[in-house]
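Trainee: If you scroll down you'll find the structure; I have some questions about it.
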Amino acid sequence: MTATTKQNETKSLVYSTRIDIPVEMRSQVNILLNQSLATAIDLKTQIKYAHWNVKGKDFYQLHLLFDEIASEVEEFIDLIAERIATLGGKALGTARIAAKESELPEYPFDAVDGTEHVIALGDQLGNLRQIPP
Ligand SMILES: [Fe+2]
């Protein structure tokens with residue numbers, strides 16, 4: 001699917017709303033928000049992967065920490081999705097779409113101990129697109 005096809009497909013998902021923002025602008029914002037939604041869902045599942053699979057002497061503390069971080073990311077996922085809907089779009093937040101559209105690389109499955117998971121998650125956070133000020 002080309003970028004233009006994807007944009008056109010997303011544009012067709014914009015409903016009318018009383019919000020005084022032109023439909024073209026809402027479409028463009030929703031394309032960006034859906035990209036962020038896919039990436040955030042992917043990030044959350046990667047954090048849960050670390051939560052479930054971390055091993056070693058710091059297991060318990062990191063197990064709890066990773067779960068807390070995943071919960072924080074979940075709140076952002078909900079905010080992003082609901083903003084898309086508010087702007088008249090469809091929140092394209094299924095696992096299949098997230099896997100296809102995420103900007104993150106795959107999680108390093110060879111991470112085992114706490115330090116390896118902390119480094120892996122730090123690298124993934126560093127991969128997130130920086131929003132210009
Ligand atoms: Fe858990």
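For the structure tokens, the naming scheme is as follows: chains receive sequential letters (A, B, ...) according to their order of presentation, residues are indexed from 1 within each chain, and ligands are indexed from 1 in presentation order.
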Hey, which bits of chain A sit within 12 Å of ligand 1, and for each residue what's the closest pair of atoms and how far apart in Å (one decimal), counting only C-alpha atoms and all ligand atoms, rows by chain and increasing number, as a Markdown table?
Mentor:
```
| residue | atom | partner | partner_atom_place_in_ligand_line | distance |
| --- | --- | --- | --- | --- |
| A:Thr45 | CA | ligand 1 | 1 (Fe) | 11.9 |
| A:Ile47 | CA | ligand 1 | 1 (Fe) | 10.8 |
| A:Lys48 | CA | ligand 1 | 1 (Fe) | 7.7 |
| A:Tyr49 | CA | ligand 1 | 1 (Fe) | 9.8 |
| A:Ala50 | CA | ligand 1 | 1 (Fe) | 10.3 |
| A:His51 | CA | ligand 1 | 1 (Fe) | 6.7 |
| A:Trp52 | CA | ligand 1 | 1 (Fe) | 6.6 |
| A:Asn53 | CA | ligand 1 | 1 (Fe) | 10.2 |
| A:Val54 | CA | ligand 1 | 1 (Fe) | 11.5 |
| A:Tyr60 | CA | ligand 1 | 1 (Fe) | 11.0 |
| A:Leu62 | CA | ligand 1 | 1 (Fe) | 11.3 |
| A:His63 | CA | ligand 1 | 1 (Fe) | 7.6 |
| A:Leu64 | CA | ligand 1 | 1 (Fe) | 7.9 |
| A:Leu65 | CA | ligand 1 | 1 (Fe) | 10.5 |
| A:Phe66 | CA | ligand 1 | 1 (Fe) | 9.0 |
| A:Asp67 | CA | ligand 1 | 1 (Fe) | 6.4 |
| A:Glu68 | CA | ligand 1 | 1 (Fe) | 9.7 |
| A:Ile69 | CA | ligand 1 | 1 (Fe) | 11.7 |
| A:Ala70 | CA | ligand 1 | 1 (Fe) | 10.0 |
| A:Ser71 | CA | ligand 1 | 1 (Fe) | 10.6 |
```
Trainee: May I have the selected residues written with N, CA and C atoms, as a compact mmCIF listing (two decimals), in the first residue's frame?
Mentor:
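Saved the output as result08.txt:
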```txt
# COMPACT_ATOMS: atom_id res chain seq x y z
N THR A 45 3.14 -3.32 24.34
CA THR A 45 3.30 -4.79 24.31
C THR A 45 4.76 -5.19 24.53
N ILE A 47 6.85 -3.53 26.45
CA ILE A 47 7.07 -3.36 27.90
C ILE A 47 6.47 -4.55 28.65
N LYS A 48 5.29 -4.98 28.23
CA LYS A 48 4.68 -6.16 28.87
C LYS A 48 5.54 -7.40 28.64
N TYR A 49 6.14 -7.50 27.46
CA TYR A 49 7.05 -8.62 27.20
C TYR A 49 8.16 -8.63 28.24
N ALA A 50 8.75 -7.44 28.48
CA ALA A 50 9.82 -7.33 29.49
C ALA A 50 9.28 -7.68 30.88
N HIS A 51 8.09 -7.19 31.19
CA HIS A 51 7.44 -7.49 32.48
C HIS A 51 7.30 -9.00 32.69
N TRP A 52 6.88 -9.70 31.67
CA TRP A 52 6.63 -11.14 31.80
C TRP A 52 7.93 -11.94 31.81
N ASN A 53 8.96 -11.49 31.12
CA ASN A 53 10.12 -12.34 30.86
C ASN A 53 11.40 -11.95 31.58
N VAL A 54 11.41 -10.84 32.31
CA VAL A 54 12.65 -10.45 32.99
C VAL A 54 13.01 -11.51 34.03
N TYR A 60 11.89 -8.96 40.80
CA TYR A 60 10.62 -8.48 41.35
C TYR A 60 10.44 -6.97 41.15
N LEU A 62 11.87 -5.00 38.93
CA LEU A 62 11.70 -4.65 37.51
C LEU A 62 10.36 -5.15 36.98
N HIS A 63 9.93 -6.30 37.43
CA HIS A 63 8.62 -6.83 37.05
C HIS A 63 7.53 -5.81 37.39
N LEU A 64 7.59 -5.26 38.60
CA LEU A 64 6.61 -4.24 39.01
C LEU A 64 6.79 -2.94 38.23
N LEU A 65 8.04 -2.51 38.08
CA LEU A 65 8.31 -1.26 37.36
C LEU A 65 7.81 -1.33 35.92
N PHE A 66 8.12 -2.42 35.23
CA PHE A 66 7.69 -2.55 33.83
C PHE A 66 6.16 -2.53 33.72
N ASP A 67 5.49 -3.15 34.69
CA ASP A 67 4.03 -3.14 34.66
C ASP A 67 3.49 -1.72 34.88
N GLU A 68 4.13 -0.99 35.77
CA GLU A 68 3.70 0.40 36.02
C GLU A 68 3.90 1.26 34.78
N ILE A 69 5.02 1.08 34.10
CA ILE A 69 5.28 1.86 32.88
C ILE A 69 4.27 1.48 31.80
N ALA A 70 3.97 0.20 31.67
CA ALA A 70 2.98 -0.24 30.67
C ALA A 70 1.62 0.40 30.95
N SER A 71 1.27 0.52 32.23
CA SER A 71 -0.01 1.15 32.58
C SER A 71 -0.01 2.63 32.18
```
Trainee: Could you give me, as number ranges by chain, the residues within 8 Å of Glu101 in chain A, counting only C-alpha atoms and dropping anything in the same chain fewer than 3 positions from it?
Mentor: A: 35, 38-39, 97-98
Trainee: For the residues selected in the previous step, produce a file with C-alpha atoms as a JSON list (two decimals), in the first residue's frame.
Mentor:
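Result file follows (result.json):
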```
[["chain", "number", "residue", "atom", "x", "y", "z"],
["A", 35, "GLN", "CA", 0.83, 6.40, 13.47],
["A", 38, "ALA", "CA", 0.23, 2.07, 16.44],
["A", 39, "THR", "CA", 3.65, 2.85, 17.87],
["A", 97, "ILE", "CA", -2.56, -2.66, 12.56],
["A", 98, "ALA", "CA", -0.15, -1.74, 15.37]]
```
Trainee: To one decimal place, how far is CA of Gly114 in chain A from CA of Gln61 in chain A in Å?
Mentor: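 Interatomic distance, CA of Gly114 in chain A to CA of Gln61 in chain A: 9.4 Å.
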Trainee: What's around Tyr107 in chain A at 8 Å? Count only C-alpha atoms, leave out sequence neighbours fewer than 6 positions away in its own chain, and write the answer as a PyMOL selection string.
Mentor: chain A and resi 46+120+124
Trainee: Which one is closest to Pro108 in chain A: A:Leu87, A:Leu43, A:Ala95, A:Leu121? Count only C-alpha atoms.
Mentor: A:Leu121
Trainee: What lies within 7 Å of range 75-86 of chain A using only C-alpha atoms, ignoring chain neighbours under 2 positions off, as a PyMOL selection string?
Mentor: chain A and resi 30+33+37+40-41+71-73+88-91
Trainee: Using DSSP on the backbone coordinates, identify the residues of range 57-94 of chain A assigned to alpha helix (DSSP H); present them as a PyMOL selection string.
Mentor: chain A and resi 59-86
Trainee: Next, dump the selected residues to file, keeping only N, CA and C atoms, as a PDB file, in the first residue's frame.
Mentor:
```pdb
ATOM      1  N   PHE A  59      14.545  -9.241  39.582  1.00  0.00           N
ATOM      2  CA  PHE A  59      13.281  -9.621  38.929  1.00  0.00           C
ATOM      3  C   PHE A  59      12.074  -8.875  39.502  1.00  0.00           C
ATOM      4  N   TYR A  60      11.886  -8.965  40.795  1.00  0.00           N
ATOM      5  CA  TYR A  60      10.619  -8.482  41.350  1.00  0.00           C
ATOM      6  C   TYR A  60      10.440  -6.971  41.149  1.00  0.00           C
ATOM      7  N   GLN A  61      11.492  -6.205  41.445  1.00  0.00           N
ATOM      8  CA  GLN A  61      11.397  -4.752  41.303  1.00  0.00           C
ATOM      9  C   GLN A  61      11.146  -4.356  39.839  1.00  0.00           C
ATOM     10  N   LEU A  62      11.874  -4.997  38.925  1.00  0.00           N
ATOM     11  CA  LEU A  62      11.698  -4.645  37.509  1.00  0.00           C
ATOM     12  C   LEU A  62      10.355  -5.150  36.975  1.00  0.00           C
ATOM     13  N   HIS A  63       9.928  -6.303  37.431  1.00  0.00           N
ATOM     14  CA  HIS A  63       8.617  -6.832  37.050  1.00  0.00           C
ATOM     15  C   HIS A  63       7.527  -5.806  37.395  1.00  0.00           C
ATOM     16  N   LEU A  64       7.594  -5.256  38.600  1.00  0.00           N
ATOM     17  CA  LEU A  64       6.614  -4.240  39.013  1.00  0.00           C
ATOM     18  C   LEU A  64       6.790  -2.943  38.231  1.00  0.00           C
ATOM     19  N   LEU A  65       8.042  -2.509  38.077  1.00  0.00           N
ATOM     20  CA  LEU A  65       8.310  -1.259  37.355  1.00  0.00           C
ATOM     21  C   LEU A  65       7.812  -1.330  35.917  1.00  0.00           C
ATOM     22  N   PHE A  66       8.118  -2.423  35.227  1.00  0.00           N
ATOM     23  CA  PHE A  66       7.694  -2.546  33.827  1.00  0.00           C
ATOM     24  C   PHE A  66       6.162  -2.527  33.723  1.00  0.00           C
ATOM     25  N   ASP A  67       5.494  -3.146  34.688  1.00  0.00           N
ATOM     26  CA  ASP A  67       4.028  -3.139  34.659  1.00  0.00           C
ATOM     27  C   ASP A  67       3.485  -1.724  34.882  1.00  0.00           C
ATOM     28  N   GLU A  68       4.128  -0.990  35.768  1.00  0.00           N
ATOM     29  CA  GLU A  68       3.703   0.397  36.024  1.00  0.00           C
ATOM     30  C   GLU A  68       3.899   1.257  34.776  1.00  0.00           C
ATOM     31  N   ILE A  69       5.019   1.080  34.103  1.00  0.00           N
ATOM     32  CA  ILE A  69       5.283   1.857  32.884  1.00  0.00           C
ATOM     33  C   ILE A  69       4.271   1.482  31.795  1.00  0.00           C
ATOM     34  N   ALA A  70       3.974   0.199  31.674  1.00  0.00           N
ATOM     35  CA  ALA A  70       2.981  -0.238  30.673  1.00  0.00           C
ATOM     36  C   ALA A  70       1.623   0.399  30.953  1.00  0.00           C
ATOM     37  N   SER A  71       1.269   0.518  32.229  1.00  0.00           N
ATOM     38  CA  SER A  71      -0.006   1.155  32.578  1.00  0.00           C
ATOM     39  C   SER A  71      -0.007   2.632  32.184  1.00  0.00           C
ATOM     40  N   GLU A  72       1.129   3.300  32.381  1.00  0.00           N
ATOM     41  CA  GLU A  72       1.238   4.706  31.972  1.00  0.00           C
ATOM     42  C   GLU A  72       1.065   4.830  30.458  1.00  0.00           C
ATOM     43  N   VAL A  73       1.708   3.961  29.716  1.00  0.00           N
ATOM     44  CA  VAL A  73       1.604   4.000  28.254  1.00  0.00           C
ATOM     45  C   VAL A  73       0.161   3.721  27.829  1.00  0.00           C
ATOM     46  N   GLU A  74      -0.505   2.832  28.534  1.00  0.00           N
ATOM     47  CA  GLU A  74      -1.907   2.524  28.227  1.00  0.00           C
ATOM     48  C   GLU A  74      -2.784   3.774  28.311  1.00  0.00           C
ATOM     49  N   GLU A  75      -2.511   4.615  29.291  1.00  0.00           N
ATOM     50  CA  GLU A  75      -3.283   5.852  29.412  1.00  0.00           C
ATOM     51  C   GLU A  75      -3.075   6.747  28.190  1.00  0.00           C
ATOM     52  N   PHE A  76      -1.832   6.801  27.696  1.00  0.00           N
ATOM     53  CA  PHE A  76      -1.562   7.604  26.502  1.00  0.00           C
ATOM     54  C   PHE A  76      -2.241   6.995  25.277  1.00  0.00           C
ATOM     55  N   ILE A  77      -2.249   5.680  25.201  1.00  0.00           N
ATOM     56  CA  ILE A  77      -2.930   5.007  24.087  1.00  0.00           C
ATOM     57  C   ILE A  77      -4.395   5.424  24.049  1.00  0.00           C
ATOM     58  N   ASP A  78      -5.015   5.413  25.204  1.00  0.00           N
ATOM     59  CA  ASP A  78      -6.429   5.784  25.276  1.00  0.00           C
ATOM     60  C   ASP A  78      -6.636   7.250  24.897  1.00  0.00           C
ATOM     61  N   LEU A  79      -5.753   8.116  25.362  1.00  0.00           N
ATOM     62  CA  LEU A  79      -5.866   9.539  25.016  1.00  0.00           C
ATOM     63  C   LEU A  79      -5.725   9.762  23.506  1.00  0.00           C
ATOM     64  N   ILE A  80      -4.746   9.107  22.913  1.00  0.00           N
ATOM     65  CA  ILE A  80      -4.518   9.265  21.472  1.00  0.00           C
ATOM     66  C   ILE A  80      -5.742   8.763  20.702  1.00  0.00           C
ATOM     67  N   ALA A  81      -6.222   7.572  21.067  1.00  0.00           N
ATOM     68  CA  ALA A  81      -7.352   6.978  20.345  1.00  0.00           C
ATOM     69  C   ALA A  81      -8.605   7.847  20.460  1.00  0.00           C
ATOM     70  N   GLU A  82      -8.850   8.346  21.650  1.00  0.00           N
ATOM     71  CA  GLU A  82     -10.050   9.164  21.840  1.00  0.00           C
ATOM     72  C   GLU A  82      -9.925  10.527  21.156  1.00  0.00           C
ATOM     73  N   ARG A  83      -8.702  11.043  21.039  1.00  0.00           N
ATOM     74  CA  ARG A  83      -8.510  12.297  20.299  1.00  0.00           C
ATOM     75  C   ARG A  83      -8.812  12.084  18.825  1.00  0.00           C
ATOM     76  N   ILE A  84      -8.392  10.960  18.298  1.00  0.00           N
ATOM     77  CA  ILE A  84      -8.687  10.639  16.893  1.00  0.00           C
ATOM     78  C   ILE A  84     -10.201  10.608  16.677  1.00  0.00           C
ATOM     79  N   ALA A  85     -10.888   9.920  17.570  1.00  0.00           N
ATOM     80  CA  ALA A  85     -12.355   9.827  17.448  1.00  0.00           C
ATOM     81  C   ALA A  85     -12.998  11.199  17.572  1.00  0.00           C
ATOM     82  N   THR A  86     -12.491  12.016  18.491  1.00  0.00           N
ATOM     83  CA  THR A  86     -13.032  13.368  18.670  1.00  0.00           C
ATOM     84  C   THR A  86     -12.871  14.192  17.397  1.00  0.00           C
TER      85      THR A  86
END
```
Trainee: Quick check, in Å to one decimal: how far apart do CA of Gly122 in chain A and CA of Ser102 in chain A lie?
Mentor: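 Distance between the two atoms: 16.7 Å.
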Trainee: Ranking A:Gly56, A:Gly93, A:Pro22, A:Gly126 by minimum distance to Asp113 in chain A and counting only C-alpha atoms, which one comes first?
Mentor: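 When distances to Asp113 in chain A are compared using only C-alpha atoms, the smallest one comes from A:Gly56.
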Trainee: Find the distance between CA of Val14 in chain A and CA of Thr94 in chain A and write it in Å to one decimal.
Mentor: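 Separation of CA of Val14 in chain A and CA of Thr94 in chain A: 18.0 Å.
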